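Peer 1: Here you go, final-v4.txt (compact mmCIF, C-alpha atoms and all ligand atoms):
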```txt
# COMPACT_ATOMS: atom_id res chain seq x y z
CA MET X 1 116.79 44.80 58.48
CA ALA X 2 115.63 42.44 61.25
CA PHE X 3 112.81 43.68 63.46
CA ASN X 4 114.06 44.98 66.81
CA TYR X 5 112.01 43.20 69.51
CA ASP X 6 114.40 44.32 72.26
CA GLU X 7 113.08 47.90 72.47
CA TYR X 8 110.03 46.83 74.52
CA VAL X 9 111.54 43.75 76.24
CA ARG X 10 113.46 43.41 79.51
CA THR X 11 116.06 41.24 77.82
CA GLU X 12 117.65 40.36 81.16
CA THR X 13 114.48 38.39 82.04
CA ILE X 14 114.85 36.10 79.00
CA PRO X 15 114.75 33.07 78.64
CA HIS X 16 111.07 33.12 79.53
CA MET X 17 109.23 30.47 81.56
CA TRP X 18 106.64 29.47 78.95
CA CYS X 19 106.64 25.84 77.75
CA PRO X 20 108.11 25.07 74.32
CA GLY X 21 105.41 25.58 71.67
CA CYS X 22 103.18 27.75 73.89
CA GLY X 23 101.06 30.23 71.91
CA ILE X 24 101.57 33.15 74.30
CA GLY X 25 104.87 34.16 72.66
CA ILE X 26 103.11 34.83 69.35
CA VAL X 27 100.64 37.13 71.10
CA MET X 28 103.45 38.99 72.89
CA LYS X 29 105.26 39.37 69.57
CA ALA X 30 102.12 40.84 67.96
CA ILE X 31 101.76 43.29 70.88
CA ILE X 32 105.39 44.43 70.58
CA ARG X 33 105.00 44.93 66.83
CA ALA X 34 101.82 46.97 67.45
CA PHE X 35 103.62 49.19 69.99
CA THR X 36 106.44 49.69 67.50
CA ALA X 37 104.05 50.56 64.66
CA LEU X 38 102.25 53.10 66.86
CA GLN X 39 105.63 54.44 68.03
CA TRP X 40 104.39 54.66 71.58
CA ASP X 41 106.93 55.90 74.09
CA LYS X 42 107.20 53.17 76.71
CA ASN X 43 106.98 55.78 79.46
CA ASP X 44 103.45 56.50 78.25
CA ILE X 45 102.29 52.88 78.42
CA ALA X 46 100.86 51.07 81.44
CA PHE X 47 100.85 47.32 80.77
CA VAL X 48 98.72 45.38 83.24
CA SER X 49 97.89 41.72 83.88
CA GLY X 50 96.22 39.48 86.43
CA ILE X 51 97.58 36.01 87.18
CA GLY X 52 98.18 33.01 84.90
CA CYS X 53 100.75 31.95 82.31
CA THR X 54 99.62 34.80 80.02
CA SER X 55 100.04 37.17 82.91
CA ARG X 56 103.80 36.57 82.99
CA MET X 57 103.99 38.99 80.07
CA PRO X 58 104.40 42.20 82.12
CA GLY X 59 107.49 40.63 83.69
CA TYR X 60 109.11 40.53 80.25
CA MET X 61 107.87 43.86 78.88
CA ASP X 62 110.08 46.91 79.40
CA MET X 63 107.60 49.67 80.29
CA ASN X 64 105.39 50.61 83.24
CA THR X 65 104.07 47.19 84.22
CA LEU X 66 101.72 45.90 86.87
CA HIS X 67 101.14 42.24 87.73
CA THR X 68 97.93 42.28 89.77
CA THR X 69 95.69 39.71 91.46
CA HIS X 70 93.84 36.98 89.52
CA GLY X 71 90.89 38.43 87.57
CA ARG X 72 91.39 41.99 88.77
CA ALA X 73 93.59 43.42 86.02
CA LEU X 74 90.80 45.57 84.56
CA ALA X 75 89.93 46.97 88.00
CA PHE X 76 93.56 48.08 88.53
CA ALA X 77 93.75 49.32 84.93
CA THR X 78 90.58 51.38 85.38
CA GLY X 79 92.19 53.10 88.38
CA ILE X 80 95.33 53.85 86.37
CA LYS X 81 93.34 55.25 83.42
CA LEU X 82 91.21 57.48 85.65
CA ALA X 83 94.30 58.85 87.42
CA HIS X 84 96.27 59.22 84.16
CA PRO X 85 93.81 59.55 81.24
CA GLU X 86 96.67 60.58 78.94
CA LYS X 87 98.45 57.21 79.31
CA HIS X 88 97.92 54.19 77.04
CA VAL X 89 96.55 51.45 79.25
CA VAL X 90 96.87 47.92 77.86
CA VAL X 91 95.72 44.79 79.69
CA VAL X 92 96.57 41.18 78.92
CA GLY X 93 94.90 38.12 80.40
CA GLY X 94 94.05 34.47 79.94
CA ASP X 95 90.52 33.23 79.23
CA GLY X 96 90.15 32.24 82.89
CA ASP X 97 91.53 35.52 84.19
CA ALA X 98 89.48 37.70 81.82
CA THR X 99 86.19 35.80 81.52
CA ALA X 100 85.79 33.64 84.64
CA ILE X 101 87.01 35.32 87.84
CA GLY X 102 87.39 38.62 85.93
CA GLY X 103 84.23 38.34 83.82
CA ASN X 104 82.38 40.92 85.86
CA HIS X 105 85.10 43.53 85.32
CA LEU X 106 85.08 42.75 81.62
CA ILE X 107 81.39 43.49 81.14
CA HIS X 108 81.53 46.72 83.17
CA ALA X 109 84.65 48.05 81.44
CA ALA X 110 82.81 47.43 78.16
CA ARG X 111 79.64 49.09 79.47
CA ARG X 112 81.58 52.20 80.51
CA ASN X 113 83.57 52.32 77.26
CA ILE X 114 86.76 53.25 79.11
CA ASP X 115 89.78 53.75 76.84
CA ILE X 116 91.63 50.54 77.71
CA THR X 117 92.76 47.79 75.34
CA LEU X 118 92.23 44.23 76.57
CA ILE X 119 94.05 41.42 74.78
CA ILE X 120 92.85 37.96 75.77
CA ASN X 121 95.11 34.98 75.11
CA ASP X 122 92.36 32.36 74.84
CA ASN X 123 94.03 28.97 75.18
CA ASN X 124 90.78 27.25 76.26
CA ILE X 125 92.16 26.17 79.64
CA TYR X 126 93.66 27.25 82.96
CA GLY X 127 97.27 26.70 81.93
CA MET X 128 99.14 27.81 85.03
CA THR X 129 97.20 25.83 87.62
CA GLY X 130 97.05 22.41 85.96
CA GLY X 131 94.54 22.37 83.12
CA GLN X 132 91.18 23.02 84.78
CA TYR X 133 88.40 23.90 82.31
CA SER X 134 87.61 27.55 81.71
CA PRO X 135 84.49 29.29 80.28
CA THR X 136 85.95 28.84 76.78
CA THR X 137 86.82 25.14 76.90
CA PRO X 138 84.93 23.72 73.91
CA ALA X 139 82.20 21.11 74.47
CA HIS X 140 83.47 17.53 74.94
CA MET X 141 87.13 18.55 75.26
CA ILE X 142 89.08 17.10 78.17
CA ALA X 143 90.36 19.14 81.13
CA SER X 144 91.72 18.05 84.52
CA THR X 145 88.32 18.98 86.00
CA ALA X 146 86.42 17.47 83.04
CA PRO X 147 88.01 14.05 82.63
CA TYR X 148 84.99 12.79 80.64
CA GLY X 149 84.67 15.94 78.54
CA MET X 150 83.38 19.46 79.07
CA VAL X 151 79.61 19.44 79.61
CA GLU X 152 78.98 23.19 79.83
CA PRO X 153 78.44 25.28 76.69
CA ASN X 154 81.36 27.66 76.14
CA PHE X 155 81.38 31.46 76.06
CA ASP X 156 81.89 33.34 72.82
CA ILE X 157 84.07 36.09 74.33
CA ALA X 158 83.75 38.43 71.35
CA ARG X 159 79.95 38.28 71.43
CA LEU X 160 80.01 38.79 75.18
CA ALA X 161 82.18 41.91 74.79
CA MET X 162 79.99 43.27 72.00
CA GLY X 163 76.82 42.65 74.00
CA ALA X 164 78.28 44.50 76.96
CA GLY X 165 79.12 47.54 74.81
CA ALA X 166 82.80 47.26 73.80
CA THR X 167 83.34 49.67 70.91
CA TYR X 168 86.17 47.74 69.22
CA VAL X 169 86.12 43.95 69.10
CA ALA X 170 88.25 41.69 66.94
CA ARG X 171 89.30 38.07 67.01
CA GLU X 172 92.06 36.18 65.25
CA THR X 173 94.00 32.95 65.73
CA ILE X 174 97.71 32.88 66.47
CA ALA X 175 98.16 31.12 63.13
CA LYS X 176 97.59 34.53 61.49
CA GLY X 177 100.10 36.68 63.36
CA ILE X 178 100.06 39.60 60.89
CA MET X 179 96.28 39.96 61.14
CA LEU X 180 96.45 39.59 64.92
CA GLU X 181 99.01 42.41 65.08
CA LYS X 182 96.83 44.60 62.86
CA TYR X 183 93.77 44.15 65.11
CA ILE X 184 95.82 44.75 68.26
CA ARG X 185 97.26 47.93 66.73
CA THR X 186 93.82 49.18 65.62
CA GLY X 187 92.34 48.33 69.03
CA MET X 188 95.15 50.20 70.80
CA ALA X 189 94.64 53.28 68.60
CA HIS X 190 90.85 53.17 69.14
CA LYS X 191 89.45 55.64 71.70
CA GLY X 192 87.21 53.47 73.88
CA PHE X 193 87.17 49.95 75.27
CA SER X 194 88.73 47.52 72.83
CA VAL X 195 88.89 43.75 73.11
CA ILE X 196 91.09 41.60 70.92
CA VAL X 197 90.63 37.86 71.37
CA ALA X 198 93.71 35.90 70.33
CA GLU X 199 92.67 32.27 69.83
CA SER X 200 95.78 30.61 71.17
CA THR X 201 97.32 27.33 72.28
CA CYS X 202 98.45 25.52 75.40
CA PRO X 203 100.03 22.29 74.14
CA ILE X 204 100.86 21.14 77.67
CA GLN X 205 97.63 21.50 79.64
CA PHE X 206 95.05 21.50 76.81
CA GLY X 207 96.76 19.79 73.89
CA ARG X 208 98.29 16.88 75.79
CA ARG X 209 94.90 15.87 77.23
CA ASN X 210 93.17 16.16 73.86
CA ARG X 211 95.57 14.28 71.60
CA LEU X 212 96.87 17.61 70.28
CA ALA X 213 100.20 17.75 72.09
CA ASP X 214 102.15 18.71 68.97
CA PRO X 215 102.25 22.55 69.02
CA VAL X 216 101.94 22.91 65.24
CA GLU X 217 99.07 20.42 65.03
CA LEU X 218 97.32 22.28 67.87
CA MET X 219 97.86 25.62 66.13
CA HIS X 220 96.29 24.20 62.97
CA TRP X 221 93.38 22.83 65.04
CA VAL X 222 92.74 26.33 66.43
CA ARG X 223 93.15 27.92 62.99
CA ASP X 224 90.64 25.48 61.45
CA HIS X 225 87.97 26.43 64.01
CA GLY X 226 88.05 30.08 62.93
CA VAL X 227 85.77 31.30 60.13
CA PRO X 228 86.42 34.74 58.58
CA LYS X 229 83.53 37.18 59.04
CA THR X 230 82.65 37.43 55.33
CA LYS X 231 82.50 33.64 54.95
CA ALA X 232 80.51 33.24 58.18
CA ALA X 233 77.89 35.73 56.91
CA LYS X 234 76.96 33.23 54.16
CA MET X 235 76.80 30.22 56.50
CA GLU X 236 73.83 28.72 58.36
CA PRO X 237 73.92 28.73 62.21
CA ASP X 238 74.28 24.93 62.36
CA GLU X 239 77.31 25.11 60.01
CA LEU X 240 78.93 27.54 62.47
CA GLN X 241 78.33 25.22 65.44
CA GLY X 242 81.63 24.71 67.29
CA LYS X 243 83.38 27.40 65.19
CA PHE X 244 84.18 31.05 65.97
CA VAL X 245 84.03 34.09 63.71
CA THR X 246 87.30 35.93 63.06
CA GLY X 247 88.07 39.45 61.87
CA GLU X 248 87.14 42.95 62.95
CA LEU X 249 83.70 42.41 64.47
CA VAL X 250 82.84 45.89 65.81
CA ARG X 251 84.34 49.34 65.31
CA ASP X 252 82.13 52.07 66.71
CA ASP X 253 83.35 55.63 67.30
CA SER X 254 79.94 57.02 68.22
CA ARG X 255 79.86 56.31 71.97
CA PRO X 256 81.48 58.74 74.44
CA GLU X 257 84.64 57.56 76.19
CA PHE X 258 84.40 57.20 79.96
CA THR X 259 87.41 59.25 81.19
CA GLU X 260 86.33 62.20 78.99
CA VAL X 261 82.78 62.10 80.38
CA TYR X 262 84.24 61.81 83.89
CA GLN X 263 86.44 64.88 83.28
CA GLN X 264 83.39 66.88 82.16
CA ILE X 265 81.68 66.02 85.46
CA ILE X 266 84.79 67.14 87.38
CA ASP X 267 84.88 70.42 85.39
CA GLN X 268 81.17 71.07 86.11
CA ALA X 269 81.63 70.35 89.80
CA MET X 270 84.68 72.68 89.94
CA LYS X 271 82.66 75.49 88.29
CA LYS X 272 79.85 75.07 90.83
CA GLY X 273 82.43 75.30 93.60
CA ASP X 274 83.57 78.81 92.38
C1 LIG Y 1 91.79 34.54 93.80
C2 LIG Y 1 92.56 33.47 93.09
N1 LIG Y 1 91.93 32.34 92.73
C3 LIG Y 1 92.61 31.37 92.09
C4 LIG Y 1 93.95 31.53 91.81
C5 LIG Y 1 94.69 30.42 91.12
N2 LIG Y 1 94.94 30.68 89.73
C6 LIG Y 1 96.10 31.24 89.29
S1 LIG Y 1 96.17 31.39 87.63
C7 LIG Y 1 94.64 30.70 87.47
C8 LIG Y 1 93.99 30.46 86.13
C9 LIG Y 1 94.84 30.76 84.96
O1 LIG Y 1 94.14 30.50 83.78
P1 LIG Y 1 93.99 31.56 82.64
O2 LIG Y 1 93.56 32.86 83.17
O3 LIG Y 1 93.14 30.97 81.57
O4 LIG Y 1 95.49 31.79 82.14
P2 LIG Y 1 96.59 30.84 81.52
O5 LIG Y 1 97.39 30.32 82.67
O6 LIG Y 1 95.90 29.76 80.75
O7 LIG Y 1 97.36 31.76 80.66
C10 LIG Y 1 94.09 30.37 88.71
C11 LIG Y 1 92.76 29.73 88.90
C12 LIG Y 1 94.57 32.73 92.20
N3 LIG Y 1 95.86 32.98 91.91
N4 LIG Y 1 93.86 33.67 92.84
S1 LIG Y 2 101.07 25.59 80.71
FE1 LIG Y 2 100.21 26.04 78.69
S2 LIG Y 2 99.79 28.25 78.69
FE2 LIG Y 2 101.20 27.79 80.40
S3 LIG Y 2 103.24 28.15 79.54
FE3 LIG Y 2 102.79 25.96 79.33
S4 LIG Y 2 101.92 25.76 77.26
FE4 LIG Y 2 101.83 27.94 77.81
```
Mind turning the file's structure into structure tokens?
Peer 2:
Amino acid sequence: MAFNYDEYVRTETIPHMWCPGCGIGIVMKAIIRAFTALQWDKNDIAFVSGIGCTSRMPGYMDMNTLHTTHGRALAFATGIKLAHPEKHVVVVGGDGDATAIGGNHLIHAARRNIDITLIINDNNIYGMTGGQYSPTTPAHMIASTAPYGMVEPNFDIARLAMGAGATYVARETIAKGIMLEKYIRTGMAHKGFSVIVAESTCPIQFGRRNRLADPVELMHWVRDHGVPKTKAAKMEPDELQGKFVTGELVRDDSRPEFTEVYQQIIDQAMKKGD
């Protein structure tokens, strides 16, 4: 039987506004499949975004959704989780939203280990606003603000999240949708801050400028820059230059989760008040 994508979609909002061949749809599909596998009641989910093409997703998802200001999705999501610790709080954002303007919120959500799942659609560019470079634009690639090529070294988002203390981190390209769905599902089920980096595509703002306008060719370009964790372990650092490691990179259940610790403090304070 065909998979029912409609359960978690506001079908009246379709057709969507994404460009033909955009990678975001694959990420949304993986998220819907993960929700379905976990059998989460949509009334128990809060789905939050900032601003950007990726952040159109809450408009299409049929659940409790919040479209917040650029870069502030995790700040809003933290408020929701603290007020309703029993809810599943899932955040989606672009590389600009999550690691540039929102980079500070990312490191502190990871430090706290709050039970939120962050899915980053990393298309290496600011798609919505005209192709400006982002912290993940690879060296020498062209952006509207880097017409001669990107001169800054790029962030490795997964390493950043791990360094800041995220207790579940995984990365996969949109060329491997089944694996991406699996990591999203595992990250959602994980108690603590989870980050899933979906290496994705923007054929219009990134591809067109970099002679990769064909969506399939661009998807293959992204796929070919990923190296599975087991293979990467046998490679020298210079062989990994310009590549990124894929797979489940961290899964740590040993650290306390923030809303539980916070509740203990509330309970102690209430006792003292007796
Ligand atoms: C405070 C603020 N600064 C700048 C903007 C303009 N702006 C909107 S989306 C965006 C970047 C989007 O890029 P990204 O987060 O990578 O998402 P994508 O569109 O590629 O999915 C920017 C700079 C804004 N809306 N608010
Ligand atoms: S501009 Fe890029 S990221 Fe935005 S919808 Fe178009 S292809 Fe997708």
Peer 1: Counting all atoms listed in the file, which protein, DNA or RNA residues come within 6 Å of ligand LIG 1 (chain Y), given as a PDB file with C-alpha atoms, in the frame of the given file?
Peer 2:
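out21.pdb was written with the following content:
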```
ATOM      1  CA  ILE X  51      97.580  36.010  87.180  1.00  0.00           C
ATOM      2  CA  GLY X  52      98.180  33.010  84.900  1.00  0.00           C
ATOM      3  CA  CYS X  53     100.750  31.950  82.310  1.00  0.00           C
ATOM      4  CA  THR X  54      99.620  34.800  80.020  1.00  0.00           C
ATOM      5  CA  HIS X  70      93.840  36.980  89.520  1.00  0.00           C
ATOM      6  CA  GLY X  94      94.050  34.470  79.940  1.00  0.00           C
ATOM      7  CA  ASP X  95      90.520  33.230  79.230  1.00  0.00           C
ATOM      8  CA  GLY X  96      90.150  32.240  82.890  1.00  0.00           C
ATOM      9  CA  ASP X  97      91.530  35.520  84.190  1.00  0.00           C
ATOM     10  CA  ASN X 123      94.030  28.970  75.180  1.00  0.00           C
ATOM     11  CA  ILE X 125      92.160  26.170  79.640  1.00  0.00           C
ATOM     12  CA  TYR X 126      93.660  27.250  82.960  1.00  0.00           C
ATOM     13  CA  GLY X 127      97.270  26.700  81.930  1.00  0.00           C
ATOM     14  CA  MET X 128      99.140  27.810  85.030  1.00  0.00           C
ATOM     15  CA  THR X 129      97.200  25.830  87.620  1.00  0.00           C
TER      16      THR X 129
END
```
Peer 1: What are the closest atom pairs, with distances in Å to one decimal, for all residues of chain X lying within 12 Å of ligand LIG 2 (chain Y)? Consider only C-alpha atoms and all ligand atoms, order rows by chain and residue number, and present the result as CSV.
Peer 2:
```
residue,atom,partner,partner_atom,distance
X:His16,CA,Y:LIG2,S3,9.3
X:Met17,CA,Y:LIG2,S3,6.7
X:Trp18,CA,Y:LIG2,S3,3.7
X:Cys19,CA,Y:LIG2,FE3,4.2
X:Pro20,CA,Y:LIG2,S4,6.9
X:Gly21,CA,Y:LIG2,S4,6.6
X:Cys22,CA,Y:LIG2,S4,4.1
X:Gly23,CA,Y:LIG2,FE4,6.4
X:Ile24,CA,Y:LIG2,FE4,6.3
X:Gly25,CA,Y:LIG2,FE4,8.6
X:Ile26,CA,Y:LIG2,FE4,11.0
X:Val27,CA,Y:LIG2,FE4,11.4
X:Ile51,CA,Y:LIG2,FE2,11.3
X:Gly52,CA,Y:LIG2,FE2,7.5
X:Cys53,CA,Y:LIG2,FE2,4.6
X:Thr54,CA,Y:LIG2,S2,6.7
X:Ser55,CA,Y:LIG2,FE2,9.8
X:Arg56,CA,Y:LIG2,S3,9.1
X:Met57,CA,Y:LIG2,S3,10.9
X:Gly93,CA,Y:LIG2,S2,11.1
X:Gly94,CA,Y:LIG2,S2,8.6
X:Asp95,CA,Y:LIG2,S2,10.5
X:Gly96,CA,Y:LIG2,S2,11.2
X:Asn121,CA,Y:LIG2,S2,8.9
X:Asp122,CA,Y:LIG2,S2,9.3
X:Asn123,CA,Y:LIG2,S2,6.8
X:Asn124,CA,Y:LIG2,S2,9.4
X:Ile125,CA,Y:LIG2,S2,8.0
X:Tyr126,CA,Y:LIG2,S2,7.5
X:Gly127,CA,Y:LIG2,S1,4.1
X:Met128,CA,Y:LIG2,FE2,5.1
X:Thr129,CA,Y:LIG2,S1,7.9
X:Gly130,CA,Y:LIG2,S1,7.3
X:Gly131,CA,Y:LIG2,S1,7.7
X:Gln132,CA,Y:LIG2,S1,11.0
X:Ser200,CA,Y:LIG2,S2,8.8
X:Thr201,CA,Y:LIG2,S2,6.9
X:Cys202,CA,Y:LIG2,FE1,3.8
X:Pro203,CA,Y:LIG2,S4,5.0
X:Ile204,CA,Y:LIG2,S4,4.8
X:Gln205,CA,Y:LIG2,FE1,5.3
X:Phe206,CA,Y:LIG2,FE1,7.1
X:Gly207,CA,Y:LIG2,S4,8.6
X:Arg208,CA,Y:LIG2,S4,9.7
X:Arg209,CA,Y:LIG2,FE1,11.6
X:Leu212,CA,Y:LIG2,S4,11.9
X:Ala213,CA,Y:LIG2,S4,9.7
X:Asp214,CA,Y:LIG2,S4,10.9
X:Pro215,CA,Y:LIG2,S4,8.8
X:Leu218,CA,Y:LIG2,S4,11.0
X:Met219,CA,Y:LIG2,S4,11.8
```
Peer 1: Have a look at CA of Val90 (chain X) and CA of Thr259 (chain X) and let me know their distance in Å, one decimal.
Peer 2: 15.1 Å
Peer 1: Which residue, X:Ala158, X:Val91, X:Lys182, X:Gly59, has the smallest gap to Ile14 (chain X) when you use all atoms listed in the file?
Peer 2: X:Gly59
Peer 1: For Tyr262 (chain X), which residue out of X:Asn210, X:Ile114, X:Gly149, X:Arg72 is the nearest one, using all atoms listed in the file?
Peer 2: X:Ile114
Peer 1: Keeping just N, CA, C and O atoms, export region 161-184 of chain X of this structure as a PDB file, in the first residue's frame.
Peer 2:
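Result file is part21.pdb:
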```pdb
ATOM      1  N   ALA X 161      28.244  20.898  16.836  1.00  0.00           N
ATOM      2  CA  ALA X 161      27.199  20.418  17.754  1.00  0.00           C
ATOM      3  C   ALA X 161      27.789  19.456  18.784  1.00  0.00           C
ATOM      4  O   ALA X 161      27.458  19.525  19.977  1.00  0.00           O
ATOM      5  N   MET X 162      28.674  18.580  18.329  1.00  0.00           N
ATOM      6  CA  MET X 162      29.290  17.616  19.255  1.00  0.00           C
ATOM      7  C   MET X 162      30.150  18.347  20.288  1.00  0.00           C
ATOM      8  O   MET X 162      30.110  18.050  21.476  1.00  0.00           O
ATOM      9  N   GLY X 163      30.923  19.318  19.804  1.00  0.00           N
ATOM     10  CA  GLY X 163      31.800  20.077  20.703  1.00  0.00           C
ATOM     11  C   GLY X 163      31.009  20.830  21.756  1.00  0.00           C
ATOM     12  O   GLY X 163      31.460  20.998  22.888  1.00  0.00           O
ATOM     13  N   ALA X 164      29.817  21.274  21.381  1.00  0.00           N
ATOM     14  CA  ALA X 164      28.991  22.047  22.315  1.00  0.00           C
ATOM     15  C   ALA X 164      28.217  21.144  23.282  1.00  0.00           C
ATOM     16  O   ALA X 164      27.624  21.628  24.237  1.00  0.00           O
ATOM     17  N   GLY X 165      28.183  19.838  23.018  1.00  0.00           N
ATOM     18  CA  GLY X 165      27.574  18.917  23.978  1.00  0.00           C
ATOM     19  C   GLY X 165      26.305  18.218  23.522  1.00  0.00           C
ATOM     20  O   GLY X 165      25.642  17.561  24.338  1.00  0.00           O
ATOM     21  N   ALA X 166      25.938  18.333  22.245  1.00  0.00           N
ATOM     22  CA  ALA X 166      24.734  17.622  21.771  1.00  0.00           C
ATOM     23  C   ALA X 166      24.921  16.125  22.000  1.00  0.00           C
ATOM     24  O   ALA X 166      26.009  15.589  21.772  1.00  0.00           O
ATOM     25  N   THR X 167      23.865  15.458  22.470  1.00  0.00           N
ATOM     26  CA  THR X 167      24.025  14.048  22.847  1.00  0.00           C
ATOM     27  C   THR X 167      23.580  13.083  21.743  1.00  0.00           C
ATOM     28  O   THR X 167      23.730  11.874  21.889  1.00  0.00           O
ATOM     29  N   TYR X 168      23.001  13.604  20.670  1.00  0.00           N
ATOM     30  CA  TYR X 168      22.781  12.773  19.474  1.00  0.00           C
ATOM     31  C   TYR X 168      23.103  13.641  18.262  1.00  0.00           C
ATOM     32  O   TYR X 168      22.509  14.722  18.092  1.00  0.00           O
ATOM     33  N   VAL X 169      24.058  13.192  17.462  1.00  0.00           N
ATOM     34  CA  VAL X 169      24.413  13.934  16.249  1.00  0.00           C
ATOM     35  C   VAL X 169      24.569  12.947  15.100  1.00  0.00           C
ATOM     36  O   VAL X 169      25.256  11.921  15.234  1.00  0.00           O
ATOM     37  N   ALA X 170      23.890  13.255  14.006  1.00  0.00           N
ATOM     38  CA  ALA X 170      24.028  12.415  12.806  1.00  0.00           C
ATOM     39  C   ALA X 170      24.010  13.318  11.580  1.00  0.00           C
ATOM     40  O   ALA X 170      23.526  14.453  11.634  1.00  0.00           O
ATOM     41  N   ARG X 171      24.568  12.787  10.510  1.00  0.00           N
ATOM     42  CA  ARG X 171      24.575  13.569   9.258  1.00  0.00           C
ATOM     43  C   ARG X 171      24.387  12.603   8.089  1.00  0.00           C
ATOM     44  O   ARG X 171      24.947  11.511   8.076  1.00  0.00           O
ATOM     45  N   GLU X 172      23.572  13.036   7.142  1.00  0.00           N
ATOM     46  CA  GLU X 172      23.385  12.223   5.933  1.00  0.00           C
ATOM     47  C   GLU X 172      22.996  13.134   4.777  1.00  0.00           C
ATOM     48  O   GLU X 172      22.474  14.230   5.005  1.00  0.00           O
ATOM     49  N   THR X 173      23.272  12.703   3.564  1.00  0.00           N
ATOM     50  CA  THR X 173      22.887  13.519   2.399  1.00  0.00           C
ATOM     51  C   THR X 173      21.465  13.149   1.973  1.00  0.00           C
ATOM     52  O   THR X 173      20.981  12.049   2.267  1.00  0.00           O
ATOM     53  N   ILE X 174      20.847  14.069   1.221  1.00  0.00           N
ATOM     54  CA  ILE X 174      19.478  13.787   0.774  1.00  0.00           C
ATOM     55  C   ILE X 174      19.451  12.702  -0.295  1.00  0.00           C
ATOM     56  O   ILE X 174      18.382  12.221  -0.665  1.00  0.00           O
ATOM     57  N   ALA X 175      20.623  12.302  -0.776  1.00  0.00           N
ATOM     58  CA  ALA X 175      20.678  11.198  -1.745  1.00  0.00           C
ATOM     59  C   ALA X 175      20.397   9.855  -1.061  1.00  0.00           C
ATOM     60  O   ALA X 175      20.152   8.860  -1.737  1.00  0.00           O
ATOM     61  N   LYS X 176      20.455   9.840   0.278  1.00  0.00           N
ATOM     62  CA  LYS X 176      20.202   8.597   1.017  1.00  0.00           C
ATOM     63  C   LYS X 176      19.034   8.823   1.974  1.00  0.00           C
ATOM     64  O   LYS X 176      19.202   8.902   3.198  1.00  0.00           O
ATOM     65  N   GLY X 177      17.849   8.947   1.372  1.00  0.00           N
ATOM     66  CA  GLY X 177      16.648   9.308   2.125  1.00  0.00           C
ATOM     67  C   GLY X 177      16.294   8.339   3.238  1.00  0.00           C
ATOM     68  O   GLY X 177      15.822   8.740   4.302  1.00  0.00           O
ATOM     69  N   ILE X 178      16.510   7.046   3.007  1.00  0.00           N
ATOM     70  CA  ILE X 178      16.124   6.034   4.018  1.00  0.00           C
ATOM     71  C   ILE X 178      17.000   6.191   5.264  1.00  0.00           C
ATOM     72  O   ILE X 178      16.512   6.130   6.390  1.00  0.00           O
ATOM     73  N   MET X 179      18.307   6.418   5.029  1.00  0.00           N
ATOM     74  CA  MET X 179      19.222   6.605   6.161  1.00  0.00           C
ATOM     75  C   MET X 179      18.890   7.916   6.886  1.00  0.00           C
ATOM     76  O   MET X 179      18.900   7.984   8.114  1.00  0.00           O
ATOM     77  N   LEU X 180      18.593   8.941   6.097  1.00  0.00           N
ATOM     78  CA  LEU X 180      18.242  10.236   6.690  1.00  0.00           C
ATOM     79  C   LEU X 180      17.025  10.079   7.597  1.00  0.00           C
ATOM     80  O   LEU X 180      17.008  10.562   8.739  1.00  0.00           O
ATOM     81  N   GLU X 181      16.023   9.368   7.111  1.00  0.00           N
ATOM     82  CA  GLU X 181      14.808   9.134   7.914  1.00  0.00           C
ATOM     83  C   GLU X 181      15.148   8.383   9.204  1.00  0.00           C
ATOM     84  O   GLU X 181      14.670   8.733  10.291  1.00  0.00           O
ATOM     85  N   LYS X 182      16.022   7.388   9.080  1.00  0.00           N
ATOM     86  CA  LYS X 182      16.398   6.590  10.261  1.00  0.00           C
ATOM     87  C   LYS X 182      17.066   7.478  11.325  1.00  0.00           C
ATOM     88  O   LYS X 182      16.736   7.403  12.518  1.00  0.00           O
ATOM     89  N   TYR X 183      17.979   8.344  10.887  1.00  0.00           N
ATOM     90  CA  TYR X 183      18.671   9.208  11.855  1.00  0.00           C
ATOM     91  C   TYR X 183      17.706  10.232  12.466  1.00  0.00           C
ATOM     92  O   TYR X 183      17.790  10.527  13.662  1.00  0.00           O
ATOM     93  N   ILE X 184      16.793  10.738  11.647  1.00  0.00           N
ATOM     94  CA  ILE X 184      15.815  11.703  12.175  1.00  0.00           C
ATOM     95  C   ILE X 184      14.931  11.010  13.226  1.00  0.00           C
ATOM     96  O   ILE X 184      14.687  11.545  14.305  1.00  0.00           O
TER      97      ILE X 184
END
```
